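Student: Handing over upload-v6.pdb, PDB, C-alpha atoms, pLDDT in the B column.
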```pdb
ATOM      1  CA  MET A 171     160.087  97.364 148.086  1.00 84.00           C
ATOM      2  CA  ARG A 172     160.985  99.732 145.247  1.00 82.00           C
ATOM      3  CA  GLN A 173     157.949 101.952 145.739  1.00 83.00           C
ATOM      4  CA  VAL A 174     158.750 102.136 149.467  1.00 88.00           C
ATOM      5  CA  LEU A 175     162.296 103.305 148.703  1.00 88.00           C
ATOM      6  CA  LEU A 176     160.923 105.954 146.357  1.00 87.00           C
ATOM      7  CA  LEU A 177     158.369 107.124 148.899  1.00 88.00           C
ATOM      8  CA  VAL A 178     160.894 107.282 151.752  1.00 91.00           C
ATOM      9  CA  ALA A 179     163.393 109.217 149.610  1.00 91.00           C
ATOM     10  CA  LEU A 180     160.772 111.778 148.581  1.00 89.00           C
ATOM     11  CA  ALA A 181     159.497 112.036 152.173  1.00 92.00           C
ATOM     12  CA  LEU A 182     163.052 112.688 153.405  1.00 92.00           C
ATOM     13  CA  LEU A 183     163.449 115.478 150.865  1.00 90.00           C
ATOM     14  CA  ALA A 184     160.125 116.995 151.955  1.00 92.00           C
ATOM     15  CA  ALA A 185     161.125 116.782 155.633  1.00 91.00           C
ATOM     16  CA  ALA A 186     164.472 118.407 154.866  1.00 88.00           C
ATOM     17  CA  GLY A 187     162.631 121.207 153.071  1.00 87.00           C
ATOM     18  CA  ALA A 188     160.377 121.698 156.078  1.00 88.00           C
ATOM     19  CA  ILE A 189     163.376 121.893 158.418  1.00 86.00           C
ATOM     20  CA  ASN A 190     165.009 124.398 156.074  1.00 83.00           C
ATOM     21  CA  GLN A 191     161.912 126.589 155.950  1.00 84.00           C
ATOM     22  CA  VAL A 192     161.278 126.514 159.695  1.00 83.00           C
ATOM     23  CA  PHE A 193     164.818 127.032 160.951  1.00 79.00           C
ATOM     24  CA  GLY A 194     166.488 128.596 157.893  1.00 72.00           C
ATOM     25  CA  GLY A 195     170.233 128.904 157.539  1.00 62.00           C
ATOM     26  CA  GLY A 196     170.640 130.967 160.694  1.00 64.00           C
ATOM     27  CA  GLN A 197     171.177 127.886 162.814  1.00 70.00           C
ATOM     28  CA  PRO A 198     174.490 126.175 161.992  1.00 72.00           C
ATOM     29  CA  TRP A 199     173.036 122.723 162.603  1.00 79.00           C
ATOM     30  CA  SER A 200     169.993 123.177 160.352  1.00 79.00           C
ATOM     31  CA  ARG A 201     172.066 123.561 157.195  1.00 81.00           C
ATOM     32  CA  ARG A 202     174.080 120.438 157.975  1.00 84.00           C
ATOM     33  CA  VAL A 203     170.945 118.451 158.853  1.00 87.00           C
ATOM     34  CA  THR A 204     169.193 119.596 155.671  1.00 88.00           C
ATOM     35  CA  TYR A 205     172.042 118.512 153.421  1.00 89.00           C
ATOM     36  CA  ALA A 206     172.622 115.300 155.402  1.00 90.00           C
ATOM     37  CA  MET A 207     168.981 114.378 154.834  1.00 92.00           C
ATOM     38  CA  ALA A 208     169.410 115.196 151.142  1.00 93.00           C
ATOM     39  CA  ALA A 209     172.470 112.912 151.027  1.00 94.00           C
ATOM     40  CA  THR A 210     170.494 110.108 152.697  1.00 94.00           C
ATOM     41  CA  ALA A 211     167.607 110.544 150.263  1.00 95.00           C
ATOM     42  CA  SER A 212     170.054 110.505 147.347  1.00 94.00           C
ATOM     43  CA  ALA A 213     171.612 107.308 148.692  1.00 95.00           C
ATOM     44  CA  LEU A 214     168.140 105.757 148.781  1.00 95.00           C
ATOM     45  CA  VAL A 215     167.566 106.866 145.180  1.00 94.00           C
ATOM     46  CA  THR A 216     170.885 105.261 144.227  1.00 95.00           C
ATOM     47  CA  ALA A 217     169.842 102.000 145.903  1.00 94.00           C
ATOM     48  CA  LEU A 218     166.450 102.228 144.202  1.00 93.00           C
ATOM     49  CA  GLY A 219     168.146 102.679 140.835  1.00 93.00           C
ATOM     50  CA  ALA A 220     170.405  99.685 141.375  1.00 93.00           C
ATOM     51  CA  LEU A 221     167.407  97.611 142.393  1.00 92.00           C
ATOM     52  CA  CYS A 222     165.456  98.736 139.311  1.00 91.00           C
ATOM     53  CA  VAL A 223     168.299  97.766 136.980  1.00 92.00           C
ATOM     54  CA  THR A 224     168.280  94.201 138.295  1.00 92.00           C
ATOM     55  CA  SER A 225     164.482  93.773 138.581  1.00 89.00           C
ATOM     56  CA  PRO A 226     161.586  93.619 136.132  1.00 90.00           C
ATOM     57  CA  ALA A 227     159.687  96.816 135.353  1.00 87.00           C
ATOM     58  CA  LEU A 228     157.122  98.056 137.853  1.00 87.00           C
ATOM     59  CA  THR A 229     154.430 100.674 137.310  1.00 85.00           C
ATOM     60  CA  VAL A 230     153.178 102.561 140.355  1.00 80.00           C
ATOM     61  CA  SER A 231     149.778 104.132 139.752  1.00 79.00           C
ATOM     62  CA  LEU A 232     149.046 107.360 141.606  1.00 76.00           C
ATOM     63  CA  GLY A 233     145.456 107.462 140.415  1.00 75.00           C
ATOM     64  CA  ASP A 234     143.671 110.646 139.423  1.00 74.00           C
ATOM     65  CA  LEU A 235     146.123 112.993 141.122  1.00 67.00           C
ATOM     66  CA  LEU A 236     144.917 116.625 141.184  1.00 64.00           C
ATOM     67  CA  ASP A 237     142.400 115.936 138.380  1.00 73.00           C
ATOM     68  CA  PHE A 238     145.082 115.784 135.684  1.00 71.00           C
ATOM     69  CA  GLY A 239     144.110 112.289 134.577  1.00 74.00           C
ATOM     70  CA  GLN A 240     145.804 109.026 135.417  1.00 78.00           C
ATOM     71  CA  THR A 241     149.282 109.518 136.825  1.00 80.00           C
ATOM     72  CA  SER A 242     151.821 106.743 137.137  1.00 82.00           C
ATOM     73  CA  LEU A 243     155.509 106.220 137.774  1.00 85.00           C
ATOM     74  CA  ARG A 244     157.415 103.504 135.921  1.00 87.00           C
ATOM     75  CA  LEU A 245     160.408 101.899 137.571  1.00 89.00           C
ATOM     76  CA  ASP A 246     162.184 100.067 134.757  1.00 90.00           C
ATOM     77  CA  GLN A 247     165.804  99.325 133.831  1.00 92.00           C
ATOM     78  CA  LEU A 248     166.407 102.593 131.960  1.00 91.00           C
ATOM     79  CA  ALA A 249     164.932 104.656 134.787  1.00 91.00           C
ATOM     80  CA  GLY A 250     167.085 102.612 137.176  1.00 92.00           C
ATOM     81  CA  LEU A 251     170.238 103.558 135.281  1.00 94.00           C
ATOM     82  CA  PHE A 252     169.450 107.257 135.449  1.00 94.00           C
ATOM     83  CA  LEU A 253     168.313 107.033 139.089  1.00 93.00           C
ATOM     84  CA  THR A 254     171.638 105.411 139.982  1.00 94.00           C
ATOM     85  CA  LEU A 255     173.587 108.150 138.210  1.00 95.00           C
ATOM     86  CA  SER A 256     171.574 111.082 139.556  1.00 94.00           C
ATOM     87  CA  GLY A 257     171.365 109.606 143.060  1.00 94.00           C
ATOM     88  CA  SER A 258     175.097 109.021 143.354  1.00 95.00           C
ATOM     89  CA  LEU A 259     175.777 112.536 142.084  1.00 94.00           C
ATOM     90  CA  GLY A 260     173.265 113.855 144.629  1.00 93.00           C
ATOM     91  CA  VAL A 261     175.116 112.103 147.473  1.00 94.00           C
ATOM     92  CA  VAL A 262     178.434 113.667 146.497  1.00 93.00           C
ATOM     93  CA  ILE A 263     177.012 117.165 146.015  1.00 91.00           C
ATOM     94  CA  SER A 264     174.956 117.016 149.230  1.00 90.00           C
ATOM     95  CA  LEU A 265     177.977 116.009 151.299  1.00 89.00           C
ATOM     96  CA  ALA A 266     180.046 118.775 149.702  1.00 88.00           C
ATOM     97  CA  LEU A 267     177.346 121.354 150.441  1.00 84.00           C
ATOM     98  CA  ALA A 268     177.002 120.162 154.045  1.00 80.00           C
ATOM     99  CA  SER A 269     180.691 120.778 154.682  1.00 77.00           C
ATOM    100  CA  TRP A 270     180.858 124.047 152.753  1.00 74.00           C
ATOM    101  CA  PRO A 271     180.988 127.034 155.138  1.00 64.00           C
ATOM    102  CA  ALA A 272     178.120 129.478 154.763  1.00 60.00           C
ATOM    103  CA  HIS A 273     178.914 133.084 153.918  1.00 58.00           C
ATOM    104  CA  PRO A 274     178.065 135.250 156.962  1.00 54.00           C
ATOM    105  CA  ALA A 275     175.944 137.664 154.918  1.00 55.00           C
ATOM    106  CA  ARG A 276     173.820 134.794 153.577  1.00 55.00           C
ATOM    107  CA  ALA A 277     173.620 132.714 156.755  1.00 50.00           C
ATOM    108  CA  GLY A 278     169.863 133.213 157.064  1.00 52.00           C
ATOM    109  CA  GLY A 279     169.128 132.350 153.429  1.00 62.00           C
ATOM    110  CA  ARG A 280     166.563 129.657 152.730  1.00 68.00           C
ATOM    111  CA  ALA A 281     166.437 129.741 148.944  1.00 74.00           C
ATOM    112  CA  THR A 282     169.535 127.728 148.042  1.00 78.00           C
ATOM    113  CA  PRO A 283     168.797 124.608 150.132  1.00 82.00           C
ATOM    114  CA  ALA A 284     165.104 124.732 149.206  1.00 83.00           C
ATOM    115  CA  GLY A 285     165.909 124.995 145.506  1.00 86.00           C
ATOM    116  CA  TYR A 286     168.429 122.169 145.764  1.00 89.00           C
ATOM    117  CA  LEU A 287     165.939 119.885 147.536  1.00 90.00           C
ATOM    118  CA  LEU A 288     163.289 120.708 144.941  1.00 91.00           C
ATOM    119  CA  LEU A 289     165.785 119.903 142.188  1.00 92.00           C
ATOM    120  CA  LEU A 290     166.562 116.479 143.688  1.00 93.00           C
ATOM    121  CA  ALA A 291     162.880 115.609 144.110  1.00 92.00           C
ATOM    122  CA  SER A 292     161.872 116.812 140.648  1.00 93.00           C
ATOM    123  CA  VAL A 293     164.705 114.946 138.907  1.00 93.00           C
ATOM    124  CA  THR A 294     163.664 111.736 140.684  1.00 91.00           C
ATOM    125  CA  VAL A 295     160.004 112.130 139.754  1.00 89.00           C
ATOM    126  CA  ILE A 296     160.699 113.153 136.148  1.00 91.00           C
ATOM    127  CA  ILE A 297     163.022 110.190 135.574  1.00 91.00           C
ATOM    128  CA  THR A 298     160.350 107.794 136.818  1.00 90.00           C
ATOM    129  CA  ALA A 299     157.352 109.466 135.139  1.00 88.00           C
ATOM    130  CA  ALA A 300     155.555 106.962 132.940  1.00 83.00           C
ATOM    131  CA  ASP A 301     153.539 109.456 130.937  1.00 75.00           C
ATOM    132  CA  ALA A 302     155.775 112.500 130.697  1.00 63.00           C
TER
END
```
Hey, can you dump this file as structure tokens for me?
Tutor:
Amino acid sequence: MRQVLLLVALALLAAAGAINQVFGGGQPWSRRVTYAMAATASALVTALGALCVTSPALTVSLGDLLDFGQTSLRLDQLAGLFLTLSGSLGVVISLALASWPAHPARAGGRATPAGYLLLLASVTVIITAADA
């Protein structure tokens, strides 16, 4: 269950990044959809963190990913605490960014949402990295 939550959250962030890169900020709906997906992914990370705090530790092996040796993610109580904190902060910030009006000169910009989505995904993976 916990690895499914992690996978769905990271897949939502990747899908939001794809929407951002295809449609950009020029469409008013694409910015709101991108940040709404980021808020949903952050809510899933928050739920994952709460579940990790109350459950025994779990190690998810990713195998020999990209020939860097054995890669694994560890979902334990400490990671759960930090996932809960970062996920809940991500929900609040994502909802604030979704309602924030875009500046007309930067309406077509793709860098800010893409960087924000990358930040959310990287924080989640770094917190759960077993061999960082």
Student: Quick one: which residues end up in the PyMOL selection byres ((chain A and resi 208-222) around 9) for this structure, as a VMD selection string?
Tutor: chain A and resid 171 to 173 175 to 176 178 to 183 186 203 to 207 223 to 228 245 to 265 286 to 287 290 294
Student: Kindly list the centre and edge lengths in Å, rounded to one decimal, for the axis-aligned box that covers all listed atoms of stretch 237-254 of chain A plus 4 Å on each of its six sides, as lines of an AutoDock Vina configuration file.
Tutor:
```
center_x = 157.0
center_y = 107.6
center_z = 136.0
size_x = 37.2
size_y = 24.6
size_z = 16.0
```
Student: Given all atoms listed in the file as the basis, pick out the residue of A:Leu243, A:Ala184, A:Val192, A:Val230 nearest to A:Asp301.
Tutor: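 The closest residue to A:Asp301 is A:Leu243.
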Student: Determine the nearest neighbour of A:Trp270 from the options A:Gly194, A:Gly285, A:Arg202, A:Gly233, counting all atoms listed in the file.
Tutor: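 Of A:Gly194, A:Gly285, A:Arg202, A:Gly233, the one nearest A:Trp270, counting all atoms listed in the file, is A:Arg202.
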Student: Between atom CA of A:Val295 and atom CA of A:Arg244, what is the distance in Å, rounded to a tenth?
Tutor: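 Interatomic distance here is 9.8 Å.
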